[in-house]
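J.: After the C-alpha cells below, expect a handful of questions from me.
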Amino acid sequence: MILFPSSNWKPTLAIHLSLLVLACTLFVILWRPDLWIWAAGFIFINHLILAVAGLIPRSSLLGPNITRLPEDAARRGEVAITIDDGPDPVVTPLVLDILDRYQAQATFFCIGKLAAQHPDLCRDIILRGHAIENHSLSHQWFFSLLAPWSIRREVHEAQGLLHEISGQTPHFFRPTAGLRNPGLEPVLSRCGLRLCSWSRRGFDTREGNADVVLAKLARNLKGGDILLLHDGNAARTAAGKPVILDVLPRLLEVIEHSNLHSVTLRSALS
C-alpha cells in the first residue's frame with residue numbers, strides 16, 4: 001500500500017483566476033510603477049477572497065470538498081456520522097458502546113497526537129467496525145493560517161501515525177473547524193486524501209443542550225447527510241455529561257425510525 005502517493009493536484013478555477021490576477025498586477029507594476037497602489041489593492045482583494053473561501057467549511061473554491069454522500073448512497077438510505085477531536089479515553093469508549101447497541105457504524109476523525117497517546121483505543125475503534133480518518137497532528141486552532149510546510153507536517157505526520165497505529169490508511173482529511181487555506185489541497189493530493197466536511201453539524205463543542213444539538217442534526221434528516229459530532233472537546237450538559245452521550249442514542253433512533261442507516265465514509269464513497 002502506498003502511504004504517500006505522488007501528487008495529482010489540479011488547481012480549481014478560483015486558484016487559476018487568482019494566479020492570473022497576481023500575474024497581471026505584477027505586470028502592471030513593472031509597466032506602470034506609478035499605479036502600484038492600485039495593483040496592491042487588487043492583490044489585497046485577491047488574497048481576501050481566498051481567505052474568506054477558506055473560512056467557509058463547505059466551500060469548494062479552494063479544492064474538492066465532500067459535503068454529502070453520493071447519490072447512490074443517498075438512495076440506499078445511508079448517512080454518515082462523523083466524530084471529531086478524539087480519541088478521548090473517557091468519552092470514546094462510551095460512544096463505541098452506544099454505536100454497538102444500535103449496530104451503527106461511524107467515522108472517527110482522530111488527532112494524531114491523541115491517537116499516539118491512546119493507540120489501543122484507536123485499534124478498538126477499528127475492531128468494532130468503524131473507520132479512522134485524519135484530523136491533523138495537533139489540531140491547532142490557527143491551522144488555516146499555517147504556511148504550506150507546516151500544513152504538510154500536520155497532515156503527513158498524522159497520516160503516518162494513524163496508519164501505523166490502526167493498520168488502516170486514512171482516506172479523508174478534515175481540518176480544525178473545517179477552516180483551511182490554498183496550501184492544503186496540494187498536500188492532500190500528495191497524501192491521497194480527500195477533504196471532507198459535513199451537511200449538518202450540532203455545534204456540540206459549545207452547545208450543551210442535547211435537545212438543541214439533536215434538532216440541528218435530525219430535523220429533515222435524509223439519505224446522503226454527513227453529520228458532525230465530537231467525542232473530544234464535547235460541551236457538557238447541565239449535569240456535567242458530554243453532550244454527545246445524550247445526543248447520539250436519540251440521533252440513532254431517529255435514523256432507525258427514518259429507515260436510514262449509518263455507515264462509514266469510506267464505505268459510502270468507495
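To be explicit about the labels: the chains of the C-alpha cells are called A, B, and onward in the order shown, and within each one the residues are counted from 1, while ligands get numbers from 1 in the order they are shown.
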Quick one: residues within 12 Å of Val155 (chain A), only C-alpha atoms counted, chain neighbours fewer than 2 positions away excluded, as JSON, numbers by chain?

T.: {"A": [4, 110, 111, 112, 113, 133, 134, 135, 136, 137, 138, 139, 140, 143, 146, 148, 149, 150, 151, 152, 153, 157, 158, 159, 160, 161, 162, 170, 171, 172, 173, 174, 175, 176, 183, 184, 185, 186, 187, 188, 189, 190, 191, 192, 193, 194, 195]}

J.: Could you list, as a PyMOL selection string, every residue within 9 Å of Thr237 (chain A), counting only C-alpha atoms and ignoring same-chain residues fewer than 3 positions away?

T.: chain A and resi 207-210+240-243+246

J.: Using only C-alpha atoms, which residues sit within 6 Å of region 224-236 of chain A once same-chain residues fewer than 6 positions away are excluded, as a PyMOL selection string?

T.: chain A and resi 68-69+74+78-86+88+91-92+198-201+204-208+242-243

J.: From a DSSP pass on the backbone, collect the residues of region 94-255 of chain A flagged as alpha helix (DSSP H) and hand them back as a count of residues only.

T.: 72

J.: Extract, using only C-alpha atoms, all DNA, RNA and protein residues at most 8 Å from region 10-15 of chain A, discarding same-chain residues fewer than 4 positions from it, and format them as number ranges by chain.

T.: A: 19, 61-63, 182

J.: Please save N, CA and C atoms of the selected residues as a PDB file, in the first residue's frame.

T.:
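Final output, result_30.pdb:
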ATOM      1  N   LEU A  19      -4.165  33.307  -9.602  1.00  0.00           N
ATOM      2  CA  LEU A  19      -2.816  33.392 -10.167  1.00  0.00           C
ATOM      3  C   LEU A  19      -2.773  34.365 -11.341  1.00  0.00           C
ATOM      4  N   LEU A  61     -14.203  26.291  -3.357  1.00  0.00           N
ATOM      5  CA  LEU A  61     -13.425  27.225  -4.172  1.00  0.00           C
ATOM      6  C   LEU A  61     -11.935  26.898  -4.161  1.00  0.00           C
ATOM      7  N   LEU A  62     -11.442  26.349  -3.051  1.00  0.00           N
ATOM      8  CA  LEU A  62     -10.010  26.073  -2.933  1.00  0.00           C
ATOM      9  C   LEU A  62      -9.655  24.653  -3.328  1.00  0.00           C
ATOM     10  N   GLY A  63     -10.656  23.815  -3.573  1.00  0.00           N
ATOM     11  CA  GLY A  63     -10.401  22.431  -3.934  1.00  0.00           C
ATOM     12  C   GLY A  63     -11.620  21.577  -3.678  1.00  0.00           C
ATOM     13  N   PRO A 182      -5.261  27.993   0.770  1.00  0.00           N
ATOM     14  CA  PRO A 182      -4.952  27.360  -0.518  1.00  0.00           C
ATOM     15  C   PRO A 182      -3.814  26.350  -0.473  1.00  0.00           C
TER      16      PRO A 182
END

J.: List every residue of region 161-185 of chain A that has an atom at most 6 Å from any atom of region 47-54 of chain A, giving for each one its closest atom pair and the distance in Å to one decimal, counting only C-alpha atoms, sorted by chain and then by ascending residue number, as JSON lines.

T.:
{"residue": "A:Leu179", "atom": "CA", "partner": "A:Gly54", "partner_atom": "CA", "distance": 5.6}
{"residue": "A:Arg180", "atom": "CA", "partner": "A:Gly54", "partner_atom": "CA", "distance": 4.8}
{"residue": "A:Asn181", "atom": "CA", "partner": "A:Gly54", "partner_atom": "CA", "distance": 5.1}
